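Shown below: run35.csv, with CSV, C-alpha atoms.
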```
chain,number,residue,atom,x,y,z
Y,1,ALA,CA,0.0,0.0,0.0
Y,2,ALA,CA,1.1,3.6,-0.4
Y,3,ALA,CA,0.5,6.4,2.0
Y,4,ALA,CA,1.3,10.1,2.8
Y,5,ALA,CA,1.7,11.5,6.3
Y,6,ALA,CA,1.7,15.0,7.6
Y,7,ALA,CA,5.1,14.9,9.3
Y,8,ALA,CA,6.5,11.4,8.7
Y,9,ALA,CA,6.9,8.9,5.9
Y,10,ALA,CA,4.7,5.9,5.8
Y,11,LEU,CA,5.6,2.2,5.3
Y,12,ALA,CA,3.6,-0.6,3.8
Y,13,VAL,CA,3.8,-3.3,6.5
Y,14,ALA,CA,2.3,-6.7,6.9
Y,15,ALA,CA,2.0,-9.4,9.5
Y,16,VAL,CA,1.3,-13.0,8.3
Y,17,CYS,CA,-0.2,-15.8,10.4
Y,18,SER,CA,-0.9,-19.3,9.4
Y,19,SER,CA,-3.5,-21.4,11.2
Y,20,GLY,CA,-4.6,-25.0,10.9
Y,21,ASP,CA,-7.1,-24.9,13.8
Y,22,ALA,CA,-10.6,-25.9,13.0
Y,23,ALA,CA,-10.4,-25.1,9.4
Y,24,ARG,CA,-13.1,-26.5,7.2
Y,25,ALA,CA,-14.0,-26.1,3.5
Y,26,PHE,CA,-15.3,-27.7,0.3
Y,27,TYR,CA,-13.9,-27.7,-3.2
Y,28,LEU,CA,-15.7,-26.5,-6.3
Y,29,PRO,CA,-16.1,-28.9,-9.2
Y,30,GLY,CA,-13.5,-28.4,-11.8
Y,31,VAL,CA,-11.1,-26.5,-9.5
Y,32,ALA,CA,-8.2,-28.8,-8.6
Y,33,PRO,CA,-7.0,-28.3,-5.0
Y,34,VAL,CA,-3.3,-27.5,-4.5
Y,35,GLU,CA,-1.1,-28.8,-1.8
Y,36,TYR,CA,1.6,-26.6,-0.4
Y,37,GLU,CA,4.7,-27.9,1.5
Y,38,GLN,CA,6.0,-25.9,4.5
Y,39,GLY,CA,7.9,-22.9,3.3
Y,40,GLU,CA,6.5,-23.1,-0.3
Y,41,LYS,CA,5.5,-19.7,-1.7
Y,42,VAL,CA,1.8,-19.0,-2.0
Y,43,GLU,CA,1.2,-16.2,-4.5
Y,44,LEU,CA,-0.8,-13.3,-3.3
Y,45,LYS,CA,-2.4,-11.5,-6.3
Y,46,VAL,CA,-4.1,-8.1,-6.4
Y,47,ASN,CA,-7.4,-7.3,-8.0
Y,48,LYS,CA,-9.3,-4.1,-8.8
Y,49,LEU,CA,-10.4,-1.3,-6.6
Y,50,THR,CA,-14.2,-0.9,-6.3
Y,51,SER,CA,-16.7,1.5,-4.7
Y,52,VAL,CA,-20.4,1.2,-4.0
Y,53,LYS,CA,-20.6,5.0,-4.1
Y,54,THR,CA,-19.1,5.6,-7.5
Y,55,GLN,CA,-19.6,2.2,-9.3
Y,56,LEU,CA,-16.3,3.1,-11.1
Y,57,PRO,CA,-13.6,0.4,-10.7
Y,58,TYR,CA,-9.9,1.0,-11.1
Y,59,LYS,CA,-7.0,-1.4,-11.7
Y,60,TYR,CA,-4.9,-1.9,-8.6
Y,61,TYR,CA,-1.8,0.0,-9.7
Y,62,ASP,CA,-3.4,2.6,-11.9
Y,63,ARG,CA,-4.8,5.0,-9.3
Y,64,LEU,CA,-2.7,4.6,-6.2
Y,65,PRO,CA,1.1,4.6,-5.6
Y,66,PHE,CA,1.0,1.1,-4.2
Y,67,CYS,CA,4.3,-0.9,-3.7
Y,68,MET,CA,4.6,-2.6,-7.1
Y,69,PRO,CA,6.8,-5.2,-8.7
Y,70,ASP,CA,9.4,-4.2,-11.3
Y,71,LYS,CA,7.2,-5.9,-13.9
Y,72,ILE,CA,3.5,-6.1,-13.6
Y,73,VAL,CA,2.0,-9.3,-15.0
Y,74,ASP,CA,-1.7,-10.1,-15.6
Y,75,LYS,CA,-2.8,-13.1,-13.7
Y,76,ILE,CA,-6.3,-13.8,-15.2
Y,77,GLU,CA,-6.7,-17.6,-15.1
Y,78,ASN,CA,-10.2,-18.3,-16.5
Y,79,LEU,CA,-13.1,-16.9,-18.5
Y,80,GLY,CA,-15.2,-16.3,-15.4
Y,81,GLU,CA,-12.7,-13.8,-14.1
Y,82,ILE,CA,-12.8,-11.9,-17.4
Y,83,LEU,CA,-16.6,-11.9,-17.4
Y,84,MET,CA,-16.6,-10.6,-13.8
Y,85,GLY,CA,-14.4,-7.7,-14.9
Y,86,ASP,CA,-11.5,-8.8,-12.6
Y,87,ARG,CA,-8.1,-7.3,-13.2
Y,88,ILE,CA,-5.8,-9.7,-11.4
Y,89,GLU,CA,-2.1,-8.9,-11.2
Y,90,ASN,CA,1.0,-10.0,-9.3
Y,91,SER,CA,2.3,-8.3,-6.1
Y,92,LEU,CA,5.4,-8.0,-3.9
Y,93,TYR,CA,3.9,-9.9,-1.0
Y,94,ASP,CA,5.9,-12.9,0.0
Y,95,VAL,CA,3.6,-15.4,1.7
Y,96,ARG,CA,5.0,-18.8,2.7
Y,97,SER,CA,3.0,-21.9,3.6
Y,98,GLN,CA,2.9,-22.5,7.4
Y,99,ILE,CA,5.4,-19.8,8.1
Y,100,ASP,CA,4.5,-17.0,10.5
Y,101,VAL,CA,5.9,-13.6,10.1
Y,102,PRO,CA,5.5,-11.1,13.0
Y,103,CYS,CA,6.0,-8.1,10.8
Y,104,ALA,CA,7.7,-7.2,7.4
Y,105,VAL,CA,8.1,-4.0,5.4
Y,106,LEU,CA,6.8,-4.4,1.9
Y,107,CYS,CA,8.6,-1.3,0.5
Y,108,LYS,CA,9.5,2.3,1.1
Y,109,THR,CA,9.1,4.6,-1.9
Y,110,ASP,CA,9.8,8.1,-3.0
Y,111,THR,CA,7.8,11.3,-2.4
Y,112,ILE,CA,4.4,11.8,-3.9
Y,113,SER,CA,2.8,14.9,-5.3
Y,114,GLY,CA,-0.2,17.0,-4.0
Y,115,LYS,CA,-2.3,15.5,-6.9
Y,116,GLU,CA,-1.5,11.9,-5.7
Y,117,LEU,CA,-2.5,13.0,-2.2
Y,118,GLY,CA,-5.7,14.3,-3.6
Y,119,ASP,CA,-6.3,10.9,-5.4
Y,120,LEU,CA,-5.8,9.0,-2.1
Y,121,ASP,CA,-8.2,11.3,-0.3
Y,122,ASP,CA,-10.8,10.8,-3.1
Y,123,LEU,CA,-10.6,7.0,-2.9
Y,124,VAL,CA,-10.9,7.1,0.9
Y,125,GLN,CA,-13.8,9.5,0.9
Y,126,ASN,CA,-15.6,7.4,-1.8
Y,127,GLU,CA,-15.2,4.2,0.3
Y,128,TYR,CA,-13.1,2.3,-2.2
Y,129,ARG,CA,-12.2,-1.3,-1.3
Y,130,VAL,CA,-9.2,-3.4,-2.2
Y,131,SER,CA,-9.6,-6.9,-3.5
Y,132,TRP,CA,-6.8,-9.6,-3.2
Y,133,VAL,CA,-6.7,-13.2,-4.2
Y,134,LEU,CA,-4.7,-16.1,-2.6
Y,135,ASP,CA,-4.9,-19.6,-4.0
Y,136,ASN,CA,-8.1,-18.6,-5.9
Y,137,LEU,CA,-9.7,-17.4,-2.6
Y,138,PRO,CA,-10.7,-13.8,-2.3
Y,139,ALA,CA,-9.5,-11.8,0.8
Y,140,ALA,CA,-12.2,-11.6,3.5
Y,141,MET,CA,-12.3,-9.0,6.3
Y,142,PRO,CA,-13.8,-10.4,9.5
Y,143,LYS,CA,-16.2,-8.3,11.6
Y,144,ILE,CA,-17.3,-9.3,15.0
Y,145,LEU,CA,-20.9,-8.3,16.0
Y,146,GLN,CA,-22.1,-8.5,19.6
Y,147,SER,CA,-25.8,-8.8,20.5
Y,148,VAL,CA,-27.5,-7.2,23.4
Y,149,ASN,CA,-27.1,-10.4,25.5
Y,150,GLY,CA,-23.4,-10.5,24.9
Y,151,ASP,CA,-23.3,-13.2,22.2
Y,152,THR,CA,-20.8,-12.6,19.3
Y,153,THR,CA,-21.1,-13.5,15.7
Y,154,THR,CA,-18.3,-13.2,13.1
Y,155,LEU,CA,-19.3,-12.0,9.6
Y,156,TYR,CA,-17.0,-11.5,6.6
Y,157,GLU,CA,-16.8,-8.7,4.0
Y,158,THR,CA,-15.1,-9.3,0.7
Y,159,GLY,CA,-12.0,-7.2,0.4
Y,160,PHE,CA,-11.0,-4.3,2.7
Y,161,PRO,CA,-11.2,-0.5,2.6
Y,162,VAL,CA,-8.4,1.6,1.3
Y,163,GLY,CA,-8.8,3.8,4.4
Y,164,PHE,CA,-11.4,5.5,6.6
Y,165,VAL,CA,-12.8,8.9,7.3
Y,166,GLY,CA,-11.9,10.1,10.8
Y,167,ASP,CA,-14.4,9.8,13.7
Y,168,PRO,CA,-12.9,10.2,17.2
Y,169,GLN,CA,-15.7,8.0,18.7
Y,170,GLU,CA,-15.2,5.1,16.2
Y,171,GLN,CA,-11.5,5.5,15.6
Y,172,PRO,CA,-9.6,6.8,18.6
Y,173,GLY,CA,-6.8,9.2,17.7
Y,174,SER,CA,-8.4,10.3,14.4
Y,175,GLN,CA,-9.9,13.7,13.6
Y,176,GLU,CA,-13.4,14.3,12.3
Y,177,GLY,CA,-13.6,14.3,8.5
Y,178,VAL,CA,-9.9,13.6,7.9
Y,179,SER,CA,-9.0,10.7,5.5
Y,180,TYR,CA,-6.7,8.0,6.9
Y,181,LEU,CA,-4.9,5.3,4.9
Y,182,ASN,CA,-4.8,1.6,5.8
Y,183,ASN,CA,-1.1,1.1,5.3
Y,184,HIS,CA,-0.8,-2.0,7.5
Y,185,VAL,CA,-2.4,-5.4,6.9
Y,186,ASN,CA,-2.6,-8.4,9.2
Y,187,ILE,CA,-2.9,-11.5,7.0
Y,188,ARG,CA,-4.2,-14.8,8.3
Y,189,VAL,CA,-4.1,-17.9,6.1
Y,190,LEU,CA,-6.2,-20.9,7.1
Y,191,TYR,CA,-5.3,-24.4,6.0
Y,192,HIS,CA,-5.9,-28.1,6.7
Y,193,ASN,CA,-4.2,-31.4,6.2
Y,194,ALA,CA,-6.2,-33.2,3.6
Y,195,ALA,CA,-6.5,-37.0,4.1
Y,196,ASP,CA,-6.1,-37.6,0.3
Y,197,ALA,CA,-3.0,-35.4,0.0
Y,198,ASP,CA,0.3,-37.1,-0.1
Y,199,ASP,CA,2.2,-34.2,1.3
Y,200,GLY,CA,1.5,-30.6,2.3
Y,201,VAL,CA,-1.6,-28.7,3.2
Y,202,ARG,CA,-4.6,-27.1,1.4
Y,203,ILE,CA,-5.5,-23.5,1.9
Y,204,VAL,CA,-9.2,-23.0,3.0
Y,205,GLY,CA,-9.3,-19.4,4.1
Y,206,PHE,CA,-7.7,-16.0,3.5
Y,207,GLU,CA,-8.4,-13.2,6.1
Y,208,VAL,CA,-7.1,-9.7,6.0
Y,209,GLU,CA,-7.5,-7.1,8.8
Y,210,PRO,CA,-6.3,-3.6,7.7
Y,211,GLU,CA,-4.9,-0.9,10.0
Y,212,SER,CA,-3.8,2.7,9.8
Y,213,ILE,CA,-0.5,3.2,11.6
Y,214,ALA,CA,1.9,6.2,11.4
Y,215,HIS,CA,5.0,4.0,11.4
Y,216,THR,CA,8.4,5.2,12.5
Y,217,LEU,CA,11.2,5.2,10.0
Y,218,ASP,CA,14.1,4.3,12.4
Y,219,TYR,CA,14.2,0.5,12.2
Y,220,ASP,CA,16.4,-2.5,11.3
Y,221,ASP,CA,14.1,-5.3,10.3
Y,222,TYR,CA,10.7,-3.5,10.8
Y,223,PRO,CA,9.4,-0.4,12.7
Y,224,SER,CA,8.9,-0.7,16.4
Y,225,THR,CA,5.4,0.7,15.8
Y,226,CYS,CA,4.5,-2.5,14.1
Y,227,LEU,CA,4.1,-4.1,17.5
Y,228,GLN,CA,3.6,-1.2,19.8
Y,229,ARG,CA,1.0,0.7,17.8
Y,230,ASP,CA,1.5,3.9,19.8
Y,231,THR,CA,1.7,6.6,17.1
Y,232,GLY,CA,-2.0,6.8,16.0
Y,233,PRO,CA,-3.4,6.4,12.5
Y,234,LEU,CA,-1.8,7.8,9.3
Y,235,ALA,CA,-3.5,10.8,7.8
Y,236,VAL,CA,-3.7,11.0,4.0
Y,237,VAL,CA,-4.0,14.7,3.9
Y,238,PRO,CA,-2.6,16.8,6.8
Y,239,PRO,CA,-5.3,18.3,9.1
Y,240,ALA,CA,-6.1,22.0,8.6
Y,241,GLY,CA,-3.5,24.3,10.1
Y,242,SER,CA,-0.7,21.9,9.5
Y,243,ALA,CA,2.6,23.3,8.2
Y,244,LYS,CA,2.3,20.8,5.3
Y,245,SER,CA,-1.3,21.3,4.3
Y,246,ALA,CA,-0.5,23.3,1.1
Y,247,PRO,CA,-1.9,21.6,-2.0
Y,248,ASP,CA,1.4,21.1,-3.7
Y,249,ALA,CA,3.3,20.0,-0.6
Y,250,GLY,CA,5.0,16.6,-1.1
Y,251,ALA,CA,5.2,13.8,1.4
Y,252,ASP,CA,7.0,10.5,1.6
Y,253,LYS,CA,5.1,7.4,0.6
Y,254,ALA,CA,5.6,3.7,1.0
```

Would you mind writing the file's structure down as structure tokens?
Amino acid sequence: AAAAAAAAAALAVAAVCSSGDAARAFYLPGVAPVEYEQGEKVELKVNKLTSVKTQLPYKYYDRLPFCMPDKIVDKIENLGEILMGDRIENSLYDVRSQIDVPCAVLCKTDTISGKELGDLDDLVQNEYRVSWVLDNLPAAMPKILQSVNGDTTTLYETGFPVGFVGDPQEQPGSQEGVSYLNNHVNIRVLYHNAADADDGVRIVGFEVEPESIAHTLDYDDYPSTCLQRDTGPLAVVPPAGSAKSAPDAGADKA
């Protein structure tokens, strides 16, 4: 992901967790299951950006300064994806079967222009969502709902939002009406050991929980804010009155 901050550069950061606990699934006819050995790469592919407000989709790398590979390759695999209007491409994410990663920096990029900041703000304000694909499974964002009697239910939404509009009551540390970017993702891959598989595991779930974190830039392997989360969310456009709120002011991105 790419981001701009008022006073500090942002980083695209991810944490990856594999889980084999209580994972259940079924396989679609005609879609051959794939077994992954421990440590084997599982390709994470990116799809289009969509919005229920504008109904205007964008290709993943066309509108935002996301961390991108040196060469972007189309990853459409079947006619159904074409008919659905999917625009699946490769990514820089390195996901390995049954390997947990506490935190990793995806990339740190150059400065972005005031126009790009405006584009980020526009996508957040219009509630654009990101779509990813892992082993032919779409990314799902879990949401836990609690009833009046205390019972909880987990629901899932396809994809996850580019960011959110600040609301101090809903998002502590945010400012009313300010756009914030989800520049950090927690990835959870569910798998099970199939009885008919000679070796390896089969992936049965792909969960993504996005966060907005104003990461620090002084780090060796990854920022300390990856685990401490003590800097607050990352603003796309600096709040009014900031020294960097001029339209043409540049900011670091990552």

Between Y:Tyr191, Y:Tyr222, Y:Phe206, Y:Tyr180, smallest distance to Gly166 in chain Y by only C-alpha atoms belongs to Y:Tyr180

Across Y:Ala140, Y:Met68, Y:Leu49, Y:Val162, the smallest distance to Gly205 in chain Y, with all atoms listed in the file counted, is shown by Y:Ala140

Exercise. In terms of the shortest atom-to-atom distance over only C-alpha atoms, which of Y:Lys71, Y:Arg129, Y:Lys41, Y:Lys108 is closest to Thr54 in chain Y?
Worked result: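 Ranking Y:Lys71, Y:Arg129, Y:Lys41, Y:Lys108 by distance to Thr54 in chain Y, first place goes to Y:Arg129.
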
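CA of Pro142 in chain Y is found 7.0 Å from CA of Glu207 in chain Y.
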
query = What lies within 10 Å of Arg63 in chain Y using all atoms listed in the file, ignoring chain neighbours under 2 positions off, as a VMD selection string?
reply = chain Y and resid 49 58 to 61 65 to 66 116 119 to 120 123

Pairwise distance, CA of Leu137 in chain Y with CA of Cys17 in chain Y, equals 16.2 Å

Taken to one decimal, the CA of Val178 in chain Y-CA of Asn47 in chain Y distance is 26.4 Å

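The smallest atom-to-atom distance between Pro172 in chain Y and any of Y:Leu106, Y:Gly232, Y:Val46, Y:Pro33, using only C-alpha atoms, is found for Y:Gly232.
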
Open item on the list: Can you tell me which residues surround Thr153 in chain Y at a distance of at most 10 Å, considering only C-alpha atoms, apart from same-chain residues fewer than 3 positions away, and format the answer as number ranges by chain?
Closed with: Y: 143-147, 150

key: Residue among Y:Lys75, Y:Glu170, Y:Arg188, Y:Asp230 lying closest to Asp100 in chain Y, counting all atoms listed in the file   =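 Smallest separation from Asp100 in chain Y among the options: Y:Arg188.
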
query: In terms of the shortest atom-to-atom distance over all atoms listed in the file, which of Y:Asn90, Y:Ser51, Y:Gln98, Y:Thr152 is closest to Asp74 in chain Y?
result: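 Closest residue, counting all atoms listed in the file: Y:Asn90.
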
Identify the residues around (-1.2, -0.5, 9.4) within a radius of 8 Å, measuring from all atoms listed in the file in the coordinates stated by the file, and give them as an MDAnalysis selection string. chainID Y and resid 12:14 182:185 210:215 226 233

Where's the centre, and what are the edge lengths in Å to one decimal, of a box along x, y and z enclosing all listed atoms of range 57-68 of chain Y padded 8 Å per side, as JSON?
```
{"center_x": -4.5, "center_y": 1.2, "center_z": -7.8, "size_x": 34.2, "size_y": 23.6, "size_z": 24.2}
```
